[in-house]
Structure formats: structure tokens, C-alpha cells
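Take a look at the structure set out below.
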Amino acid sequence: MKVLLCASEGTPFIKTGGLADVVGALPKALKANGVDIRVMLPYYKKIKEKNIASYCGYAYVRISNRNEYVGVFHSEADGIHYYFIDSDRYFGRDGLYGYGDDGERFAFFDFAVLEAIKVIDFMPDVIHVNDWQTGLVPYILKNNYHYYPEYRRIKTMFSIHNIQYQGVFPKEIMNIMYMPYSSSLEYDNCINYMKCAIMESDIVTTVSDTYKNEVLTDEYGYRLNYILELRKYDFYGILNGIDVNKYNPETDKEISFHYSLNNYIQGKAANKQHLLEYFGLNKNENVPVFGLVSRLVDQKGIDILMPILEDVLVHSNALFILMGSGDKVYEDYFRYMENKYPTRFKSFIGYSDSVAQKIYAGADIFLMPSKFEPCGLGQMIALRYGTLPLVRETGGLKDTVKPYNKYEDSGWGFSFANYNTESLKEVMYFAIDTFKDKKAWESLVKRAMELDYSWNKSAKAYINLYEKMCKKGGY
Ligand code: GLC
């Protein structure tokens, strides 16, 4: 089975969000299960500067009435072959997204992917694309390559990591593309790359079972629920995993004290002390520490957290250590709280892998009150480090966090259903209360660390679908 995975970001090369983690980890699990997997990414300036890839060859694609140069570069990481699409015009910039010509940039990438497979001499059985940035590949494949028998047998899978971002552009964008027009490209009088991908792929997936059901509704579907409804028999939810080698409390280089199920009580305590010290807090306090590592955007539930942070600080002895960057209102609020409660509240505005790992290992409770969360990786990482997630019951959070039930002594985290401050507040106080019961807490931590959220099971689910597609006839 030969699979080409295409995306707009991937670790260890470039990351802005969870998609990059998936693109970094899934290939290793696929390879371990016998798949010949290759990954294709844009050759952003930030990757190019690292000088780690070698030149393979070039091609041209027709876009904006030009024959545009496509350089192809190759690098290997963790035994996986990565190919990069080089274009100074489109990717020689500091950032990844947010440019006025993003529609053109990623259309170019999608055309380039299909030319680049000739350059690297790898004809995949399946092209697996992710989110809107690679959403045009299935359509271009069908329409521009159907004369080539070796292309005609390629199947396509589209994975939705976040349905809120759809790649919506004015219809005029079609003028730059060298391909026929079709109604599957259009939605609400615009060109919608994600809609096109949903219509044109052989199979559509998303990153958890609950999110799969949610995006079929008006509340979560951002209008694409109507389109997904048309494809519901080819639509699957496969839970993401985490890279259990990278996120391993026994070997993590970023943490001060390594631990496993054998010495977790000692390990958690040592890392907590270190975390508090690192942030200049009193390291000897035996109080619950809430941690948060997140992009600071509406999706993540910061808006329902803000109104009660102060309440919790005043009425309990809990400490807060938050890390993230994003919307200025949230960043400013964190700075304000840090000034007001310097011995109780600390924030790191920005992103640092090293600080993130210290929070995962050193906090007691990991906050993730998301409005929606297709899968979420933070809660799974937290669990692996024995930090109990406090989540809203949505998407992958619901599928991975079983709430603590003190009567049955079951579960491994805390959760609430309704997206509002009151519900969040109630469960935060419940967590603070539970923390006082050392025995109960220790058994929760132990259960958390015993869970297996590795990629192995999910990789097998993807392989089943790849095989299923390949058994279907051609078009
Ligand atoms: C997006 C989603 C997140 C998911 C990730 C990887 O970032 O917001 O929930 O875990 O994609 O699929």
C-alpha cells in the first residue's frame, strides 16, 4: 500500500497547530504497519532556512496565466520520507497563513503535489489530504489527470481537522486556475475548498467519533453539515493518537524528574516543584495547580474561563499556570491577572515546547474547556503525564476523558456539558475538592497514566479505509 500524505504543516519541520502533530506522528505508525508512506509539505522559508533537504528535481504548473516553477526537495526524519514543494513566490515568506493570496498559494500547492509525484517517481495508491489547504487535490486529480492511467487509479481521502476553516474565496479565484468549473467547488456563491474536498474525495474522515456526529449538525457544521450529509455513508471518525515516544514522562528531556507508573507519586511531586520554581511561585505549597497550554482563540473556551478565574483565585488556594498566544484580549487579560495575583497566577505568552512539557508534567489539572474540539491532543498528552484533564464534553475531549465518579471510583478526569461559566465553575471546584482526597487523587492519576492513546489503533483504522477505497473500482 503506497500512500502520499499531503498537508500544510507537519512536525518536526513546521507547526502552528494540532494538524502538524498528526502529520508528524501518523506516518510513523502507518510505516510500522507496513504502509509505504511519503509526506508532502510546502517548502516554507522557515523550513528552507534549516538547510536540511536535498534537491530532487522540478516541474511546472499552470497558474495565474503563468507556467510556475515547482521545486521538489527531499528530507528524511525518523525514517519517514518528506518532500517539500519549493516556490519562492508562494512560500518564501515568514508566516504560513494569513496572506491575501492564500487561495492562490494553496491552489498552487495542490496542483504542484500532483506534478511532484512524477518528479519523485512515487505513484501512490492513495493520496490522503488534510484540511482546506490541500482540499483541491481530489478535484484536480479527477479533472486534470484522468487521461493518465497511472493517475486514474489513485484514490483520495480527505480528513477534516477543523471545519471552521474552510478556505472560502471569491469566485474570481477560478480565473487563476487551469481546470474546469464545477458546482462542487461552489458554496454560498463563493469557492469553498473544503466543500470541494468533501464532494470529490472517495472517503472523508474527521478526527474523533463525537466530532463526526457534531459536524453533521447546524450547531457545529458551519454550514458544511448539509454537504457532509450527502457523503454520510463515506464519512468516518478516527480518533487521533499521540506520539508516545515524544510524549513520554520516562524519557522527556524537558522535565526535571523522569517517572512512570512505578514512581509517579514522587515523579509528579518533583515536577510540580520544578514547575512552580520555574515560574517563581512558592514551590512548597501543597495546593492544586491548574495548567493550560492552548492557542488563545474563541474555540478554546477562554471566554468562559475569564469570568471565574478571579472567583477561584479568591475562594480557593489553587494556582494557575497558563501558556499560549493568540487573540490580544486574552493575552492582555492574562497579563493583567498576573500583575494582580503575582503569587498565584502565571502566564507565558507565546509557545515553547520546553515550557509546555513542564506544564504537562508539573500541573495537577489540565484545563481544556473548548467550545468545540475536533480531537484535541493536549488532554491526551496531559493524561500520559498523569495530569488530569478538565474538559468540556465535546468532540475528541468527550471520547478521551471519562469523568471521575466518586461513588464508583471510576474515570480519569473532570468534565462538563454545557458551554457556560457556571458549569465550568462547578467542575473546577469539584476538582479542587477532589484534590484534597489524596488517595482518590492518586488512583485517578494512576488510571490516567495507564491509558493507551498511541497511534497504533488509529493507524490500523486508516489502513482499513485505504484498503476499502482501493477495492472499489475506478471512476
Ligand atoms: C485541529 C483541531 C484539534 C485536532 C487537531 C488535529 O487543530 O482543532 O482538535 O486535535 O486539528 O487533528
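Just so we're on the same page: first chain in the C-alpha cells is A, next is B, and so on; residues restart at 1 for each chain, and ligands are numbered from 1 in the order they show up.
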Chain A residues near ligand 1 within 8 Å, closest pair each, using only C-alpha atoms and all ligand atoms, as a Markdown table:
| residue | atom | partner | partner_atom_place_in_ligand_line | distance |
| --- | --- | --- | --- | --- |
| A:Gly17 | CA | ligand 1 | 7 (O) | 5.1 |
| A:Gly18 | CA | ligand 1 | 5 (C) | 3.9 |
| A:Leu19 | CA | ligand 1 | 6 (C) | 4.2 |
| A:Ala20 | CA | ligand 1 | 6 (C) | 7.4 |
| A:Asp21 | CA | ligand 1 | 6 (C) | 6.9 |
| A:Val22 | CA | ligand 1 | 6 (C) | 5.9 |
| A:Ile160 | CA | ligand 1 | 12 (O) | 7.5 |
| A:His161 | CA | ligand 1 | 11 (O) | 4.1 |
| A:Asn162 | CA | ligand 1 | 2 (C) | 5.2 |
| A:Thr206 | CA | ligand 1 | 12 (O) | 7.7 |
| A:Val207 | CA | ligand 1 | 12 (O) | 5.4 |
| A:Asn240 | CA | ligand 1 | 12 (O) | 6.4 |
| A:Phe372 | CA | ligand 1 | 9 (O) | 7.8 |
| A:Glu373 | CA | ligand 1 | 9 (O) | 4.3 |
| A:Pro374 | CA | ligand 1 | 9 (O) | 3.9 |
| A:Cys375 | CA | ligand 1 | 9 (O) | 3.8 |
| A:Gly376 | CA | ligand 1 | 10 (O) | 3.5 |
| A:Leu377 | CA | ligand 1 | 10 (O) | 5.1 |
| A:Gly395 | CA | ligand 1 | 9 (O) | 7.7 |
| A:Gly396 | CA | ligand 1 | 9 (O) | 7.0 |
If you keep C-alpha atoms, can you produce a file of those selected residues as a PDB file, in the first residue's frame?
ATOM      1  CA  GLY A  17      -1.410  23.609  15.499  1.00  0.00           C
ATOM      2  CA  GLY A  18      -2.513  20.043  16.109  1.00  0.00           C
ATOM      3  CA  LEU A  19      -2.577  19.182  12.416  1.00  0.00           C
ATOM      4  CA  ALA A  20       1.216  19.304  12.429  1.00  0.00           C
ATOM      5  CA  ASP A  21       1.364  16.743  15.238  1.00  0.00           C
ATOM      6  CA  VAL A  22      -0.862  14.371  13.314  1.00  0.00           C
ATOM      7  CA  ILE A 160     -11.191  17.338   8.458  1.00  0.00           C
ATOM      8  CA  HIS A 161      -9.201  18.663  11.402  1.00  0.00           C
ATOM      9  CA  ASN A 162     -11.312  21.763  11.906  1.00  0.00           C
ATOM     10  CA  THR A 206     -12.537  13.522  10.807  1.00  0.00           C
ATOM     11  CA  VAL A 207     -10.532  13.169  13.970  1.00  0.00           C
ATOM     12  CA  ASN A 240      -6.048  10.874  16.665  1.00  0.00           C
ATOM     13  CA  PHE A 372     -15.604  22.625  20.141  1.00  0.00           C
ATOM     14  CA  GLU A 373     -12.607  20.352  19.787  1.00  0.00           C
ATOM     15  CA  PRO A 374     -12.307  18.065  16.769  1.00  0.00           C
ATOM     16  CA  CYS A 375      -9.908  15.826  18.661  1.00  0.00           C
ATOM     17  CA  GLY A 376      -7.564  17.749  20.901  1.00  0.00           C
ATOM     18  CA  LEU A 377      -4.119  16.468  21.748  1.00  0.00           C
ATOM     19  CA  GLY A 395     -15.517  16.215  20.098  1.00  0.00           C
ATOM     20  CA  GLY A 396     -12.429  14.239  20.963  1.00  0.00           C
TER      21      GLY A 396
END
- Task: Step one, run DSSP on the backbone; step two, keep only residues of range 313-447 of chain A assigned to strand (DSSP E); then write them as a VMD selection string.
- Result: chain A and resid 319 to 324 345 to 349 365 to 368 388 to 392 414 to 416
How close does each residue of range 182-301 of chain A get to range 413-436 of chain A, giving the shortest atom pair and distance in Å to one decimal for every residue with an atom at most 9 Å away, counting only C-alpha atoms, sorted by chain and residue number, as CSV?
residue,atom,partner,partner_atom,distance
A:Val287,CA,A:Phe435,CA,8.2
A:Pro288,CA,A:Ile432,CA,6.5
A:Gly301,CA,A:Tyr419,CA,8.2
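Note that CA of Leu41 in chain A and CA of Phe91 in chain A are 10.6 Å apart.
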Produce a table with one row for each residue of range 77-160 of chain A that has an atom at most 10 Å from any atom of range 456-466 of chain A, each row naming the nearest atom pair and its distance in Å at one decimal; use only C-alpha atoms; arrange rows by chain and rising residue number; format as CSV.
residue,atom,partner,partner_atom,distance
A:Asp125,CA,A:Tyr466,CA,8.4
A:Val126,CA,A:Tyr466,CA,6.8
A:Ile127,CA,A:Tyr466,CA,9.4
A:His128,CA,A:Tyr466,CA,9.1
A:Lys155,CA,A:Tyr466,CA,8.2
A:Thr156,CA,A:Tyr466,CA,8.7
A:Met157,CA,A:Tyr466,CA,7.9
- Skipping near chain neighbours, those fewer than 5 positions away, what residues fall within 12 Å of Tyr278 in chain A using only C-alpha atoms, listed as an NGL selection string? :A and (255-256 or 271-273 or 283 or 321 or 346-348 or 354-355 or 358-359 or 362)
Go ahead and save the picked residues with N, CA and C atoms, as an mmCIF file, in the first residue's frame.
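As a result, selection32.cif now contains:
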data_model
loop_
_atom_site.group_PDB
_atom_site.id
_atom_site.type_symbol
_atom_site.label_atom_id
_atom_site.label_comp_id
_atom_site.auth_asym_id
_atom_site.auth_seq_id
_atom_site.Cartn_x
_atom_site.Cartn_y
_atom_site.Cartn_z
ATOM 1 N N ILE A 255 11.793 17.663 31.128
ATOM 2 C CA ILE A 255 11.306 17.650 32.516
ATOM 3 C C ILE A 255 12.415 17.235 33.479
ATOM 4 N N SER A 256 12.242 17.664 34.730
ATOM 5 C CA SER A 256 13.368 17.554 35.662
ATOM 6 C C SER A 256 13.513 16.171 36.274
ATOM 7 N N ASN A 271 8.203 17.178 39.672
ATOM 8 C CA ASN A 271 7.976 18.045 38.517
ATOM 9 C C ASN A 271 7.099 19.242 38.860
ATOM 10 N N LYS A 272 6.208 19.042 39.803
ATOM 11 C CA LYS A 272 5.371 20.155 40.241
ATOM 12 C C LYS A 272 6.237 21.214 40.926
ATOM 13 N N GLN A 273 7.099 20.760 41.802
ATOM 14 C CA GLN A 273 8.005 21.699 42.481
ATOM 15 C C GLN A 273 8.839 22.476 41.471
ATOM 16 N N LYS A 283 7.390 26.915 45.862
ATOM 17 C CA LYS A 283 7.390 25.520 45.414
ATOM 18 C C LYS A 283 6.886 24.534 46.454
ATOM 19 N N ILE A 321 -1.166 28.242 35.943
ATOM 20 C CA ILE A 321 -0.028 28.480 35.056
ATOM 21 C C ILE A 321 -0.512 28.253 33.624
ATOM 22 N N LYS A 346 0.346 32.702 36.848
ATOM 23 C CA LYS A 346 1.497 32.971 35.978
ATOM 24 C C LYS A 346 1.127 32.638 34.544
ATOM 25 N N SER A 347 1.654 33.415 33.628
ATOM 26 C CA SER A 347 1.374 33.075 32.238
ATOM 27 C C SER A 347 2.631 33.225 31.399
ATOM 28 N N PHE A 348 2.652 32.465 30.340
ATOM 29 C CA PHE A 348 3.740 32.536 29.369
ATOM 30 C C PHE A 348 3.046 32.819 28.050
ATOM 31 N N SER A 354 9.438 23.427 25.511
ATOM 32 C CA SER A 354 10.028 23.087 26.782
ATOM 33 C C SER A 354 9.116 23.482 27.947
ATOM 34 N N VAL A 355 8.533 24.687 27.862
ATOM 35 C CA VAL A 355 7.622 25.119 28.928
ATOM 36 C C VAL A 355 6.347 24.267 28.902
ATOM 37 N N LYS A 358 6.855 21.096 30.687
ATOM 38 C CA LYS A 358 6.928 21.289 32.139
ATOM 39 C C LYS A 358 5.527 21.425 32.730
ATOM 40 N N ILE A 359 4.636 22.067 31.972
ATOM 41 C CA ILE A 359 3.254 22.210 32.465
ATOM 42 C C ILE A 359 2.550 20.847 32.438
ATOM 43 N N GLY A 362 4.035 18.955 35.360
ATOM 44 C CA GLY A 362 4.036 19.517 36.706
ATOM 45 C C GLY A 362 2.678 19.955 37.227
#
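The smallest atom-to-atom distance between Asp409 in chain A and any of A:Ala440, A:Leu305, A:Ala77, A:Ala112, using only C-alpha atoms, is found for A:Ala440.
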- Hey, what's within 9 Å of Ile173 in chain A if we count only C-alpha atoms and toss same-chain stuff fewer than 6 positions away? As a ChimeraX atom specification, please? /A:103-104,191
Since we have the selection now, will you write its residues out, keeping C-alpha atoms, as a PDB file, in the first residue's frame?
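Once written, selection25.pdb looks like this:
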ATOM      1  CA  GLY A 103      -6.287  30.900  -2.033  1.00  0.00           C
ATOM      2  CA  GLU A 104      -3.766  31.091  -4.848  1.00  0.00           C
ATOM      3  CA  ILE A 191     -15.397  28.979  -3.953  1.00  0.00           C
TER       4      ILE A 191
END
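For the residues A:Lys468, A:Lys300, A:Lys268, A:Lys406, ranking by smallest atom-to-atom distance to Met449 in chain A using only C-alpha atoms places A:Lys268 first.
Counting only C-alpha atoms, Asn248 in chain A has the following residues at most 8 Å away, ignoring those fewer than 3 positions along the same chain: Val244, Asn245, Thr251, Asp252, Arg384 and Tyr385 of chain A.
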For the selection just defined, write its residues with N, CA, C and O atoms to a file, as a CSV table (one decimal), in the first residue's frame.
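File written: out27.csv
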chain,number,residue,atom,x,y,z
A,244,VAL,N,3.7,8.6,21.5
A,244,VAL,CA,4.0,8.2,22.8
A,244,VAL,C,5.5,8.1,23.1
A,244,VAL,O,6.0,8.0,24.3
A,245,ASN,N,6.3,8.2,22.1
A,245,ASN,CA,7.8,8.3,22.3
A,245,ASN,C,8.2,9.7,22.6
A,245,ASN,O,9.1,9.9,23.5
A,251,THR,N,11.2,9.6,29.6
A,251,THR,CA,12.4,10.0,28.8
A,251,THR,C,12.4,11.5,28.4
A,251,THR,O,13.4,11.9,27.9
A,252,ASP,N,11.4,12.2,28.6
A,252,ASP,CA,11.2,13.6,28.2
A,252,ASP,C,12.4,14.4,28.7
A,252,ASP,O,12.6,14.6,29.9
A,384,ARG,N,-1.1,11.2,29.8
A,384,ARG,CA,0.1,10.4,29.7
A,384,ARG,C,1.1,10.8,30.8
A,384,ARG,O,1.8,10.0,31.3
A,385,TYR,N,1.0,12.1,31.2
A,385,TYR,CA,1.9,12.6,32.3
A,385,TYR,C,1.2,12.6,33.6
A,385,TYR,O,1.7,13.2,34.6
